[in-house]
Every structure is written in structure tokens, then in C-alpha cells.
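Chemist: The file below is final-v9.pdb, PDB, C-alpha atoms:
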```pdb
ATOM      1  CA  MET A 203     -39.589  -9.681   0.165
ATOM      2  CA  LYS A 204     -39.250  -8.952   3.838
ATOM      3  CA  LYS A 205     -39.737 -12.609   4.756
ATOM      4  CA  ARG A 206     -37.075 -13.746   2.254
ATOM      5  CA  GLY A 207     -34.587 -11.194   3.673
ATOM      6  CA  ARG A 208     -35.184 -12.471   7.169
ATOM      7  CA  LEU A 209     -34.712 -16.074   6.086
ATOM      8  CA  VAL A 210     -31.387 -15.144   4.488
ATOM      9  CA  LEU A 211     -30.199 -13.594   7.748
ATOM     10  CA  VAL A 212     -31.229 -16.682   9.732
ATOM     11  CA  ALA A 213     -29.424 -18.877   7.194
ATOM     12  CA  ILE A 214     -26.235 -16.830   7.492
ATOM     13  CA  ILE A 215     -26.309 -16.976  11.298
ATOM     14  CA  SER A 216     -26.869 -20.726  11.226
ATOM     15  CA  LEU A 217     -24.037 -21.276   8.763
ATOM     16  CA  LEU A 218     -21.682 -19.170  10.855
ATOM     17  CA  LEU A 219     -22.489 -21.025  14.051
ATOM     18  CA  GLY A 220     -22.126 -24.358  12.298
ATOM     19  CA  ALA A 221     -18.781 -23.426  10.808
ATOM     20  CA  ALA A 222     -17.542 -22.166  14.160
ATOM     21  CA  THR A 223     -18.519 -25.367  15.958
ATOM     22  CA  PHE A 224     -16.901 -27.498  13.266
ATOM     23  CA  MET A 225     -13.660 -25.482  13.271
ATOM     24  CA  TYR A 226     -13.104 -25.253  17.069
ATOM     25  CA  PRO A 227     -11.172 -28.528  17.496
ATOM     26  CA  TYR A 228      -8.951 -27.826  14.492
ATOM     27  CA  ILE A 229      -8.046 -24.337  15.622
ATOM     28  CA  ALA A 230      -7.413 -25.475  19.196
ATOM     29  CA  LYS A 231      -5.191 -28.328  18.025
ATOM     30  CA  ALA A 232      -3.277 -26.109  15.632
ATOM     31  CA  SER A 233      -2.672 -23.580  18.381
ATOM     32  CA  GLU A 234      -1.419 -26.250  20.788
ATOM     33  CA  THR A 235       0.947 -28.063  18.488
ATOM     34  CA  GLY A 236       1.893 -25.207  16.216
ATOM     35  CA  THR A 237       4.184 -22.245  16.418
ATOM     36  CA  LEU A 238       1.927 -20.245  18.720
ATOM     37  CA  SER A 239       2.653 -22.517  21.681
ATOM     38  CA  LEU A 240       6.348 -22.662  20.833
ATOM     39  CA  LYS A 241       6.509 -18.860  20.798
ATOM     40  CA  ALA A 242       4.837 -18.568  24.193
ATOM     41  CA  ALA A 243       6.963 -21.298  25.771
ATOM     42  CA  THR A 244      10.181 -19.938  24.255
ATOM     43  CA  ALA A 245       9.517 -16.418  25.509
ATOM     44  CA  ARG A 246       9.089 -17.704  29.062
ATOM     45  CA  ASP A 247      12.078 -20.048  28.883
ATOM     46  CA  ILE A 248      14.364 -17.258  27.710
ATOM     47  CA  VAL A 249      13.068 -14.954  30.436
ATOM     48  CA  LEU A 250      13.829 -17.550  33.109
ATOM     49  CA  LEU A 251      17.337 -18.030  31.744
ATOM     50  CA  ILE A 252      17.973 -14.290  31.743
ATOM     51  CA  ASP A 253      16.617 -14.037  35.310
ATOM     52  CA  ILE A 254      19.003 -16.813  36.378
ATOM     53  CA  ILE A 255      22.101 -15.449  34.691
ATOM     54  CA  CYS A 256      21.429 -11.912  35.905
ATOM     55  CA  SER A 257      20.948 -12.994  39.495
ATOM     56  CA  GLN A 258      24.219 -14.945  39.723
ATOM     57  CA  SER A 259      27.495 -13.241  40.573
ATOM     58  CA  VAL A 260      29.770 -15.900  39.039
ATOM     59  CA  ASP A 261      30.776 -16.228  35.406
ATOM     60  CA  ASN A 262      28.733 -18.910  33.714
ATOM     61  CA  GLU A 263      27.297 -20.099  30.439
ATOM     62  CA  LEU A 264      23.845 -21.490  29.700
ATOM     63  CA  ILE A 265      22.846 -23.066  26.417
ATOM     64  CA  TYR A 266      19.257 -23.159  25.212
ATOM     65  CA  ASP A 267      19.371 -25.882  22.579
ATOM     66  CA  ILE A 268      16.020 -25.436  20.815
ATOM     67  CA  ASP A 269      15.663 -24.718  17.106
ATOM     68  CA  LEU A 270      14.200 -21.215  16.832
ATOM     69  CA  SER A 271      15.048 -20.711  13.152
ATOM     70  CA  LYS A 272      11.444 -19.650  12.399
ATOM     71  CA  PHE A 273      11.679 -16.675  14.748
ATOM     72  CA  ILE A 274      13.399 -13.373  15.284
ATOM     73  CA  ILE A 275      14.041 -12.810  18.971
ATOM     74  CA  GLU A 276      14.156  -9.318  20.339
ATOM     75  CA  ILE A 277      15.632  -8.759  23.812
ATOM     76  CA  SER A 278      15.486  -5.185  25.085
ATOM     77  CA  GLN A 279      13.785  -2.898  27.603
ATOM     78  CA  ASN A 280      13.483  -5.783  30.074
ATOM     79  CA  LYS A 281      11.333  -7.763  27.636
ATOM     80  CA  VAL A 282      11.785 -10.800  25.415
ATOM     81  CA  LYS A 283       9.680 -10.673  22.265
ATOM     82  CA  ILE A 284       9.332 -13.604  19.869
ATOM     83  CA  ASN A 285       8.384 -12.603  16.322
ATOM     84  CA  ASP A 286       7.536 -14.876  13.426
ATOM     85  CA  LYS A 287       9.993 -14.412  10.518
ATOM     86  CA  SER A 288       7.150 -14.438   8.031
ATOM     87  CA  TYR A 289       5.914 -11.108   9.445
ATOM     88  CA  VAL A 290       9.113  -9.271  10.385
ATOM     89  CA  SER A 291      12.716  -8.962   9.269
ATOM     90  CA  LYS A 292      15.936  -7.881  10.930
ATOM     91  CA  ILE A 293      17.507  -4.735   9.500
ATOM     92  CA  GLY A 294      20.811  -4.031  11.239
ATOM     93  CA  GLU A 295      20.072  -4.214  14.950
ATOM     94  CA  SER A 296      16.376  -3.378  14.665
ATOM     95  CA  ILE A 297      13.219  -5.057  13.476
ATOM     96  CA  GLN A 298      11.055  -4.064  10.546
ATOM     97  CA  GLY A 299       7.441  -5.115  10.313
ATOM     98  CA  LEU A 300       4.882  -6.241  12.882
ATOM     99  CA  ASP A 301       3.937  -9.708  14.016
ATOM    100  CA  PRO A 302       0.257  -9.539  15.086
ATOM    101  CA  ILE A 303       0.685 -12.575  17.338
ATOM    102  CA  ALA A 304       4.134 -11.945  18.772
ATOM    103  CA  PHE A 305       4.632 -13.153  22.323
ATOM    104  CA  GLU A 306       6.491 -11.132  24.888
ATOM    105  CA  TYR A 307       7.415 -11.647  28.508
ATOM    106  CA  SER A 308       9.310  -9.511  31.006
ATOM    107  CA  TYR A 309      12.523 -10.263  32.859
ATOM    108  CA  VAL A 310      14.500  -8.492  35.590
ATOM    109  CA  CYS A 311      18.126  -7.638  35.006
ATOM    110  CA  ASP A 312      20.402  -4.973  36.448
ATOM    111  CA  GLN A 313      22.095  -4.693  33.029
ATOM    112  CA  ASP A 314      20.559  -3.025  30.002
ATOM    113  CA  LEU A 315      20.430  -5.896  27.522
ATOM    114  CA  LYS A 316      19.860  -5.267  23.840
ATOM    115  CA  PHE A 317      20.014  -8.155  21.370
ATOM    116  CA  VAL A 318      18.220  -9.097  18.161
ATOM    117  CA  LEU A 319      18.720 -12.701  17.073
ATOM    118  CA  ASP A 320      17.637 -13.778  13.617
ATOM    119  CA  GLY A 321      16.545 -17.416  13.341
ATOM    120  CA  PRO A 322      18.911 -18.902  15.929
ATOM    121  CA  GLU A 323      19.260 -22.668  16.085
ATOM    122  CA  LYS A 324      20.281 -22.377  19.706
ATOM    123  CA  LEU A 325      20.948 -19.611  22.215
ATOM    124  CA  ILE A 326      24.071 -19.173  24.328
ATOM    125  CA  PHE A 327      23.766 -17.021  27.453
ATOM    126  CA  LYS A 328      27.163 -16.059  28.781
ATOM    127  CA  LYS A 329      28.275 -14.018  31.767
ATOM    128  CA  THR A 330      31.946 -13.054  31.766
ATOM    129  CA  ASP A 331      33.386 -10.448  34.136
ATOM    130  CA  SER A 332      29.798  -9.430  35.015
ATOM    131  CA  LYS A 333      28.989  -8.671  31.372
ATOM    132  CA  ILE A 334      26.142 -10.656  29.801
ATOM    133  CA  THR A 335      26.022 -11.644  26.138
ATOM    134  CA  ILE A 336      23.383 -13.631  24.283
ATOM    135  CA  THR A 337      24.442 -15.163  20.980
ATOM    136  CA  SER A 338      23.376 -17.911  18.647
TER     137      SER A 338
ATOM    138  CA  MET B1051     -49.613  10.742   2.715
ATOM    139  CA  LEU B1052     -46.537   9.109   1.337
ATOM    140  CA  LYS B1053     -45.007   6.373   3.447
ATOM    141  CA  SER B1054     -41.423   5.311   3.031
ATOM    142  CA  LYS B1055     -41.774   1.597   2.322
ATOM    143  CA  LYS B1056     -38.037   1.003   2.228
ATOM    144  CA  GLY B1057     -37.564   2.850   5.475
ATOM    145  CA  THR B1058     -40.203   0.672   7.136
ATOM    146  CA  GLU B1059     -38.534  -2.501   5.802
ATOM    147  CA  ILE B1060     -35.143  -1.470   7.204
ATOM    148  CA  ILE B1061     -36.634  -0.728  10.597
ATOM    149  CA  ALA B1062     -38.408  -4.113  10.567
ATOM    150  CA  ASP B1063     -35.125  -5.974   9.776
ATOM    151  CA  LEU B1064     -33.126  -4.022  12.348
ATOM    152  CA  PRO B1065     -33.688  -6.473  15.251
ATOM    153  CA  TRP B1066     -32.397  -9.313  13.073
ATOM    154  CA  PHE B1067     -29.374  -7.319  12.055
ATOM    155  CA  ILE B1068     -28.622  -6.482  15.679
ATOM    156  CA  ALA B1069     -28.999 -10.174  16.593
ATOM    157  CA  PHE B1070     -26.638 -11.131  13.772
ATOM    158  CA  VAL B1071     -23.946  -8.684  14.891
ATOM    159  CA  PHE B1072     -24.349  -9.753  18.508
ATOM    160  CA  ILE B1073     -23.929 -13.445  17.687
ATOM    161  CA  LEU B1074     -20.983 -12.703  15.442
ATOM    162  CA  GLY B1075     -19.329 -10.768  18.260
ATOM    163  CA  ILE B1076     -19.901 -13.550  20.795
ATOM    164  CA  THR B1077     -18.543 -16.199  18.408
ATOM    165  CA  SER B1078     -15.416 -14.182  17.716
ATOM    166  CA  SER B1079     -14.863 -13.543  21.424
ATOM    167  CA  VAL B1080     -15.191 -17.231  22.270
ATOM    168  CA  PHE B1081     -12.735 -18.118  19.494
ATOM    169  CA  TYR B1082     -10.214 -15.641  20.850
ATOM    170  CA  VAL B1083     -10.567 -16.776  24.450
ATOM    171  CA  VAL B1084     -10.303 -20.495  23.624
ATOM    172  CA  ILE B1085      -7.253 -20.115  21.440
ATOM    173  CA  PHE B1086      -5.227 -17.851  23.687
ATOM    174  CA  GLN B1087      -6.229 -19.611  26.889
ATOM    175  CA  ARG B1088      -4.938 -22.904  25.518
ATOM    176  CA  ILE B1089      -1.706 -21.287  24.403
ATOM    177  CA  SER B1090      -1.157 -19.651  27.796
ATOM    178  CA  GLU B1091      -1.838 -22.937  29.590
ATOM    179  CA  ALA B1092       0.618 -24.745  27.352
ATOM    180  CA  ALA B1093       3.352 -22.253  28.182
ATOM    181  CA  GLU B1094       2.630 -21.786  31.888
ATOM    182  CA  ILE B1095       5.626 -21.600  34.204
ATOM    183  CA  GLN B1096       5.273 -23.938  37.168
ATOM    184  CA  GLU B1097       4.337 -22.225  40.396
ATOM    185  CA  ASP B1098       7.290 -21.159  42.548
ATOM    186  CA  VAL B1099       9.857 -21.343  39.741
ATOM    187  CA  GLU B1100       9.918 -17.762  38.499
ATOM    188  CA  GLU B1101       9.421 -16.057  41.858
ATOM    189  CA  LEU B1102      12.178 -18.116  43.541
ATOM    190  CA  ILE B1103      14.597 -17.410  40.706
ATOM    191  CA  LEU B1104      13.843 -13.699  41.038
ATOM    192  CA  ALA B1105      14.123 -13.807  44.837
ATOM    193  CA  SER B1106      17.555 -15.462  44.738
ATOM    194  CA  ARG B1107      19.093 -12.319  43.217
ATOM    195  CA  PHE B1108      18.648 -10.388  46.471
ATOM    196  CA  TYR B1109      21.169 -12.493  48.394
ATOM    197  CA  SER B1110      23.330 -13.751  45.472
ATOM    198  CA  SER B1111      24.086 -10.740  43.322
ATOM    199  CA  GLU B1112      26.634  -8.052  44.170
ATOM    200  CA  ASN B1113      24.382  -5.617  42.317
ATOM    201  CA  CYS B1114      21.685  -6.331  44.878
ATOM    202  CA  PHE B1115      22.553  -6.880  48.559
ATOM    203  CA  ALA B1116      25.174  -9.638  48.543
ATOM    204  CA  TYR B1117      28.424  -8.785  50.297
ATOM    205  CA  GLU B1118      31.524  -8.351  48.120
ATOM    206  CA  ASP B1119      34.841  -8.490  49.941
ATOM    207  CA  GLU B1120      37.977  -6.479  49.190
ATOM    208  CA  ALA B1121      39.287  -9.214  46.916
ATOM    209  CA  GLY B1122      36.145  -8.929  44.772
ATOM    210  CA  LYS B1123      34.623 -12.215  45.869
ATOM    211  CA  VAL B1124      30.842 -12.137  46.233
ATOM    212  CA  HIS B1125      29.548 -14.076  49.219
ATOM    213  CA  ASP B1126      26.293 -15.858  48.602
ATOM    214  CA  LYS B1127      23.674 -15.475  51.381
ATOM    215  CA  THR B1128      25.701 -12.786  53.082
ATOM    216  CA  ILE B1129      24.032  -9.384  53.171
ATOM    217  CA  ASP B1130      25.999  -6.152  53.103
ATOM    218  CA  LEU B1131      24.146  -3.936  55.549
ATOM    219  CA  SER B1132      25.386  -0.761  53.881
ATOM    220  CA  LYS B1133      23.650  -1.837  50.661
ATOM    221  CA  PHE B1134      20.356  -2.783  52.297
ATOM    222  CA  ASN B1135      18.399   0.318  51.281
ATOM    223  CA  GLN B1136      15.819   1.496  48.773
ATOM    224  CA  GLU B1137      18.399   3.118  46.455
ATOM    225  CA  GLN B1138      20.171  -0.198  45.995
ATOM    226  CA  MET B1139      16.818  -1.910  45.402
ATOM    227  CA  ILE B1140      16.218   0.396  42.413
ATOM    228  CA  LYS B1141      19.539  -0.731  40.884
ATOM    229  CA  CYS B1142      18.927  -4.370  41.801
ATOM    230  CA  PHE B1143      15.351  -4.607  40.537
ATOM    231  CA  PRO B1144      14.804  -2.075  37.707
ATOM    232  CA  LYS B1145      11.338  -1.239  36.437
ATOM    233  CA  SER B1146       9.814  -3.847  34.127
ATOM    234  CA  ASN B1147       6.523  -5.564  33.469
ATOM    235  CA  VAL B1148       7.457  -8.530  35.627
ATOM    236  CA  ALA B1149       4.674 -10.458  37.375
ATOM    237  CA  TYR B1150       6.032 -10.416  40.925
ATOM    238  CA  ALA B1151       6.661  -7.811  43.592
ATOM    239  CA  PHE B1152       8.896  -8.278  46.641
ATOM    240  CA  SER B1153       9.302  -6.801  50.081
ATOM    241  CA  LEU B1154      12.435  -7.579  52.098
ATOM    242  CA  SER B1155      13.056  -7.213  55.781
ATOM    243  CA  LEU B1156      15.986  -8.057  58.027
ATOM    244  CA  GLU B1157      15.473  -8.836  61.684
ATOM    245  CA  ILE B1158      18.601  -8.030  63.638
ATOM    246  CA  PRO B1159      18.439  -7.469  67.414
ATOM    247  CA  GLY B1160      19.577  -3.969  68.243
ATOM    248  CA  PHE B1161      19.051  -2.714  64.703
ATOM    249  CA  ASP B1162      16.004  -0.842  63.429
ATOM    250  CA  ILE B1163      15.938  -1.607  59.715
ATOM    251  CA  ASP B1164      13.022  -0.532  57.540
ATOM    252  CA  PRO B1165      11.706  -3.019  54.979
ATOM    253  CA  ILE B1166      12.662  -2.338  51.371
ATOM    254  CA  ARG B1167      10.392  -2.964  48.435
ATOM    255  CA  THR B1168      10.462  -3.376  44.674
ATOM    256  CA  PHE B1169       8.968  -0.618  42.505
ATOM    257  CA  ASN B1170       5.738  -2.576  41.914
ATOM    258  CA  TRP B1171       4.941  -3.366  45.556
ATOM    259  CA  VAL B1172       1.666  -1.850  46.724
ATOM    260  CA  GLY B1173       0.086  -2.267  50.173
ATOM    261  CA  THR B1174       1.176  -4.756  52.795
ATOM    262  CA  TYR B1175      -0.595  -7.962  51.807
ATOM    263  CA  ALA B1176       1.630 -10.781  50.458
ATOM    264  CA  THR B1177       0.642 -14.107  48.920
ATOM    265  CA  LYS B1178       3.786 -15.856  50.082
ATOM    266  CA  GLU B1179       6.759 -15.365  52.355
ATOM    267  CA  ILE B1180      10.089 -17.139  52.262
ATOM    268  CA  ILE B1181      12.728 -16.922  54.954
ATOM    269  CA  GLU B1182      16.381 -17.264  54.102
ATOM    270  CA  ILE B1183      18.951 -17.586  56.837
ATOM    271  CA  VAL B1184      21.714 -15.174  55.968
ATOM    272  CA  LYS B1185      24.823 -13.668  57.490
ATOM    273  CA  VAL B1186      25.076  -9.899  57.644
ATOM    274  CA  MET B1187      28.196  -7.790  57.299
ATOM    275  CA  ASP B1188      28.164  -4.407  59.011
ATOM    276  CA  GLY B1189      31.397  -3.015  57.594
ATOM    277  CA  ASN B1190      33.980  -5.642  58.559
ATOM    278  CA  LYS B1191      31.939  -6.881  61.485
ATOM    279  CA  GLU B1192      30.004 -10.064  60.936
ATOM    280  CA  ILE B1193      26.579 -10.395  62.506
ATOM    281  CA  PRO B1194      25.669 -14.041  63.061
ATOM    282  CA  SER B1195      22.850 -15.799  61.214
ATOM    283  CA  THR B1196      19.654 -13.818  60.909
ATOM    284  CA  ASP B1197      16.405 -14.078  58.988
ATOM    285  CA  LEU B1198      15.941 -12.374  55.655
ATOM    286  CA  ARG B1199      12.182 -12.322  55.151
ATOM    287  CA  ILE B1200      11.130 -12.056  51.515
ATOM    288  CA  LYS B1201       7.448 -11.362  50.960
ATOM    289  CA  ILE B1202       6.159 -12.080  47.462
ATOM    290  CA  LYS B1203       3.016 -11.161  45.645
ATOM    291  CA  ASN B1204       1.753 -11.728  42.131
ATOM    292  CA  VAL B1205       0.859  -8.394  40.614
ATOM    293  CA  LYS B1206      -0.613  -9.658  37.331
TER     294      LYS B1206
END
```
Represent the supplied structure as C-alpha cells.
Modeler:
Amino acid sequence: MKKRGRLVLVAIISLLLGAATFMYPYIAKASETGTLSLKAATARDIVLLIDIICSQSVDNELIYDIDLSKFIIEISQNKVKINDKSYVSKIGESIQGLDPIAFEYSYVCDQDLKFVLDGPEKLIFKKTDSKITITS
Amino acid sequence: MLKSKKGTEIIADLPWFIAFVFILGITSSVFYVVIFQRISEAAEIQEDVEELILASRFYSSENCFAYEDEAGKVHDKTIDLSKFNQEQMIKCFPKSNVAYAFSLSLEIPGFDIDPIRTFNWVGTYATKEIIEIVKVMDGNKEIPSTDLRIKIKNVK
């Protein structure tokens, strides 16, 4: 009985290792080409755009023309957070739910920005009379 | 004397169980590292881009140290000496989880100006230094071109 139990454990370990080895390339590829990479890249792009617009003294407008309709973007407390719409929803000006693999990145701005954008197809960063707005 | 047969069996299988949990933990950790490392690499910002964008605010923004004249025009790469202090730095560079820290110093003959630093600057060591040639306004008096030294370090 003892020997059979041990064999079962060895079999389970072997199966697990085999499955893991087989799945590695698929998971890596999915993470590179899927929404995870887009979330990470988008968070950093938006942060750079906010850094630029905050550091300039002139009125200007920047357009980020990338389809982000799968995401809800939260900009507040000097952070940009990209949430997947399948995990969270926008209720008023706040977010309900929790995305376990949300990406966030920090920016620097002398203004207290607070925006929640639900599934934007593009983002428009505007600075007019020193006031910054971010719309879709 | 009664011996607990089941208890002996459990103790005998314990090393295998420990090995199983250990391997499971290692496999999960490797999964996690591979996936998130690849994602981070895919979204990496090119070196110099973010820190230079952040550094430009110091001499371009009226909410930092750029000189604003009476007509309201902000002069790029012209430092207002009256603003060049730690209180203004707090307004210019509020607390956040940003990856870079900065230390600024102005070298003007005849002036003893202390360096000013962002909230996240610790120590004296810097990974990089950039020098911008700026004008300085001391009230209405213009001080000719001087060096604004911006030390940068990655704090992540």
C-alpha cells in the first residue's frame, strides 16, 4: 500500500513537470501578444504623455490614438492604472471590482489629476490655461 | 504494545509530500517570473527617455523654477532665482512612486546656493548628470549663462 502511494506521488510530480514544460511557450507567447503586454505598454505611454504635458508651460494637445476599448483607465494619486473591463466596471467616477493583473505606473505632475476613462478608443491630453484635461 | 500503523505510514510518506510541495512551489515561481519578466521587457521605456522628460520640467515649467515675466510669459531655460529653493521643489515634484530622483545645483560666481533635491533623493551618489546651460533672473537682473547641474538616480 505504501509503495503504491509513493508511486502515485511520483506520477503526479512527473505529470505536473511535463505539463509545465509543454505549456511554457504557449503562456509566454500569449503574454507577449495578448492584452497583458498592451496593458503594460499603455500604462507607460500614458505616464510619459502626462509627464510631458505637465512639464510644459504652453497650452498644447496630445492625442494617443490607440484603441483601449478593452480597458478602464484610472488616473489619480500620481498613478495610471490599466484595468481589464472583464474584471472591473465604472460606477460614476469610481471603479468597482478588482483586476488581479492590473498594471500601474507613476507619473509626476504639479496638478492633482483625477480621471476614469471607460473603454476609450483614443485619449486626448489637453492643457489650456495651465489646466490639464484627459478625455476620450 | 499497540503501534499506530497509519501514523507510521504518514511519517514514511512525509518526505515525498514535502518534495511534491517544494517542486510545485518552484514550478509556480518559475511560471510567474517568466511571464512577468517577458511582459516587463515588452513594455520597457528606452533608457534616457523618462528621466529626460522629467528633468525638463525643472527649467520649462513655471510651477518649477522657470522664470515668468510680468506679462505672464514663461521663459524656457531661464531660472528664477527666487524660486530656486526646497519649498518650490515640493510643489514642482510632488510625492509619487516615480522611478527617478533628482538633485539640482546652480553654479553662479558670487552666489552660495545650496543644491535642492526631490523627495526621494537619498545620499549623494548619482548614476547620471546632465548639464543645461541656463540664464538666471535675480529679480529683474539677468545673470548671464550658467550651468544647471541635474543629477539623476534610479531609485527602483
Chemist: Taking the file as I've supplied it (selection: the PyMOL selection byres ((chain A and resi 296) around 12)), which residues are included? Please answer as a PyMOL selection string.
Modeler: chain A and resi 274-278+290-295+297-300+316-320
Chemist: Axis-aligned box over every listed atom of range 1176-1195 of chain B, padded by 5 Å per side: centre and edges in Å to one decimal, as AutoDock Vina command-line options?
Modeler:
```
--center_x 17.3 --center_y -10.3 --center_z 56.0 --size_x 43.3 --size_y 24.6 --size_z 24.1
```
Chemist: Return as a PyMOL selection string the set of residues that the PyMOL selection byres ((chain A and resi 271) around 12) yields on the displayed structure.
Modeler: chain A and resi 237+240-241+267-270+272-275+284-288+319-325+338
Chemist: Emit the selected residues as a PDB file, in the coordinates of the input, including C-alpha atoms.
Modeler:
```
ATOM      1  CA  THR A 237       4.184 -22.245  16.418  1.00  0.00           C
ATOM      2  CA  LEU A 240       6.348 -22.662  20.833  1.00  0.00           C
ATOM      3  CA  LYS A 241       6.509 -18.860  20.798  1.00  0.00           C
ATOM      4  CA  ASP A 267      19.371 -25.882  22.579  1.00  0.00           C
ATOM      5  CA  ILE A 268      16.020 -25.436  20.815  1.00  0.00           C
ATOM      6  CA  ASP A 269      15.663 -24.718  17.106  1.00  0.00           C
ATOM      7  CA  LEU A 270      14.200 -21.215  16.832  1.00  0.00           C
ATOM      8  CA  LYS A 272      11.444 -19.650  12.399  1.00  0.00           C
ATOM      9  CA  PHE A 273      11.679 -16.675  14.748  1.00  0.00           C
ATOM     10  CA  ILE A 274      13.399 -13.373  15.284  1.00  0.00           C
ATOM     11  CA  ILE A 275      14.041 -12.810  18.971  1.00  0.00           C
ATOM     12  CA  ILE A 284       9.332 -13.604  19.869  1.00  0.00           C
ATOM     13  CA  ASN A 285       8.384 -12.603  16.322  1.00  0.00           C
ATOM     14  CA  ASP A 286       7.536 -14.876  13.426  1.00  0.00           C
ATOM     15  CA  LYS A 287       9.993 -14.412  10.518  1.00  0.00           C
ATOM     16  CA  SER A 288       7.150 -14.438   8.031  1.00  0.00           C
ATOM     17  CA  LEU A 319      18.720 -12.701  17.073  1.00  0.00           C
ATOM     18  CA  ASP A 320      17.637 -13.778  13.617  1.00  0.00           C
ATOM     19  CA  GLY A 321      16.545 -17.416  13.341  1.00  0.00           C
ATOM     20  CA  PRO A 322      18.911 -18.902  15.929  1.00  0.00           C
ATOM     21  CA  GLU A 323      19.260 -22.668  16.085  1.00  0.00           C
ATOM     22  CA  LYS A 324      20.281 -22.377  19.706  1.00  0.00           C
ATOM     23  CA  LEU A 325      20.948 -19.611  22.215  1.00  0.00           C
ATOM     24  CA  SER A 338      23.376 -17.911  18.647  1.00  0.00           C
TER      25      SER A 338
END
```
Chemist: In Å, with one decimal, what is the gap from CA of Ala1105 in chain B to CA of Ile1200 in chain B?
Modeler: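 Between CA of Ala1105 in chain B and CA of Ile1200 in chain B the gap works out to 7.5 Å.
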Chemist: Would you pick out the contacts of Tyr1150 in chain B at 9 Å or less, using all atoms listed in the file, so that residues sharing its chain but fewer than 4 positions from it are not included, and give the list as a list in words?
Modeler: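 Returned residues: Glu1100, Glu1101, Leu1104, Asn1170, Trp1171, Ile1202, Lys1203, Asn1204, Val1205 and Lys1206 of chain B.
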Chemist: Check what the PyMOL selection byres ((chain A and resi 257-263) around 9) selects in the file above and give those residues as a ChimeraX atom specification.
Modeler: /A:252-256,264-265,310-312,326-333 /B:1103-1114,1123-1126
Chemist: Please return, as an MDAnalysis selection string, all residues of chain A lying within 9 Å of chain B when all atoms listed in the file are considered.
Modeler: chainID A and resid 204 207:208 211:212 214:215 218:219 222 226 229:230 233:234 238:247 250 253:254 256:260 279:281 307:312
Chemist: Pull C-alpha atoms from the residues just selected and write them as an mmCIF file, keeping the file's coordinate frame.
Modeler:
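Dumped to again02.cif:
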```cif
data_model
loop_
_atom_site.group_PDB
_atom_site.id
_atom_site.type_symbol
_atom_site.label_atom_id
_atom_site.label_comp_id
_atom_site.auth_asym_id
_atom_site.auth_seq_id
_atom_site.Cartn_x
_atom_site.Cartn_y
_atom_site.Cartn_z
ATOM 1 C CA LYS A 204 -39.250 -8.952 3.838
ATOM 2 C CA GLY A 207 -34.587 -11.194 3.673
ATOM 3 C CA ARG A 208 -35.184 -12.471 7.169
ATOM 4 C CA LEU A 211 -30.199 -13.594 7.748
ATOM 5 C CA VAL A 212 -31.229 -16.682 9.732
ATOM 6 C CA ILE A 214 -26.235 -16.830 7.492
ATOM 7 C CA ILE A 215 -26.309 -16.976 11.298
ATOM 8 C CA LEU A 218 -21.682 -19.170 10.855
ATOM 9 C CA LEU A 219 -22.489 -21.025 14.051
ATOM 10 C CA ALA A 222 -17.542 -22.166 14.160
ATOM 11 C CA TYR A 226 -13.104 -25.253 17.069
ATOM 12 C CA ILE A 229 -8.046 -24.337 15.622
ATOM 13 C CA ALA A 230 -7.413 -25.475 19.196
ATOM 14 C CA SER A 233 -2.672 -23.580 18.381
ATOM 15 C CA GLU A 234 -1.419 -26.250 20.788
ATOM 16 C CA LEU A 238 1.927 -20.245 18.720
ATOM 17 C CA SER A 239 2.653 -22.517 21.681
ATOM 18 C CA LEU A 240 6.348 -22.662 20.833
ATOM 19 C CA LYS A 241 6.509 -18.860 20.798
ATOM 20 C CA ALA A 242 4.837 -18.568 24.193
ATOM 21 C CA ALA A 243 6.963 -21.298 25.771
ATOM 22 C CA THR A 244 10.181 -19.938 24.255
ATOM 23 C CA ALA A 245 9.517 -16.418 25.509
ATOM 24 C CA ARG A 246 9.089 -17.704 29.062
ATOM 25 C CA ASP A 247 12.078 -20.048 28.883
ATOM 26 C CA LEU A 250 13.829 -17.550 33.109
ATOM 27 C CA ASP A 253 16.617 -14.037 35.310
ATOM 28 C CA ILE A 254 19.003 -16.813 36.378
ATOM 29 C CA CYS A 256 21.429 -11.912 35.905
ATOM 30 C CA SER A 257 20.948 -12.994 39.495
ATOM 31 C CA GLN A 258 24.219 -14.945 39.723
ATOM 32 C CA SER A 259 27.495 -13.241 40.573
ATOM 33 C CA VAL A 260 29.770 -15.900 39.039
ATOM 34 C CA GLN A 279 13.785 -2.898 27.603
ATOM 35 C CA ASN A 280 13.483 -5.783 30.074
ATOM 36 C CA LYS A 281 11.333 -7.763 27.636
ATOM 37 C CA TYR A 307 7.415 -11.647 28.508
ATOM 38 C CA SER A 308 9.310 -9.511 31.006
ATOM 39 C CA TYR A 309 12.523 -10.263 32.859
ATOM 40 C CA VAL A 310 14.500 -8.492 35.590
ATOM 41 C CA CYS A 311 18.126 -7.638 35.006
ATOM 42 C CA ASP A 312 20.402 -4.973 36.448
#
```
Chemist: Hey, can you check how far CA of Ser1155 in chain B sits from CA of Thr1128 in chain B?
Modeler: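 Distance reported for this atom pair: 14.1 Å.
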Chemist: Would you mind reading off the distance between CA of Ala1176 in chain B and CA of Leu1156 in chain B, one decimal, in Å?
Modeler: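 The value is 16.5 Å.
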Chemist: With distances taken over only C-alpha atoms, which residue among B:Lys1133, B:Ile1076, B:Gly1122, B:Gln1096 lies nearest Met1187 in chain B?
Modeler: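 Smallest distance to Met1187 in chain B is found for B:Lys1133.
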Chemist: Could you tell me, as a list of chain:residue names, which residues have any atom at most 6 Å from (16.5, -15.6, 56.2), counting all atoms listed in the file?
Modeler: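 Those residues, ordered by chain and then number, are B:Ile1181, B:Glu1182, B:Ile1183, B:Val1184, B:Thr1196, B:Asp1197, B:Leu1198, B:Arg1199.
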Chemist: With C-alpha atoms retained, export the selected residues as a short mmCIF file (atom, residue, chain, number, x, y, z; two decimals), in the coordinates of the input.
Modeler:
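Generated output (part-v8.cif):
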```
data_model
loop_
_atom_site.label_atom_id
_atom_site.label_comp_id
_atom_site.auth_asym_id
_atom_site.auth_seq_id
_atom_site.Cartn_x
_atom_site.Cartn_y
_atom_site.Cartn_z
CA ILE B 1181 12.73 -16.92 54.95
CA GLU B 1182 16.38 -17.26 54.10
CA ILE B 1183 18.95 -17.59 56.84
CA VAL B 1184 21.71 -15.17 55.97
CA THR B 1196 19.65 -13.82 60.91
CA ASP B 1197 16.40 -14.08 58.99
CA LEU B 1198 15.94 -12.37 55.66
CA ARG B 1199 12.18 -12.32 55.15
#
```
Chemist: Residues near Glu1192 in chain B, anyone? I mean within 12 Å using only C-alpha atoms, not counting same-chain ones fewer than 3 positions away, as a list in words.
Modeler: Tyr1117, Thr1128, Ile1129, Asp1130, Leu1131, Ile1158, Val1184, Lys1185, Val1186, Met1187, Asp1188, Gly1189, Ser1195 and Thr1196 of chain B
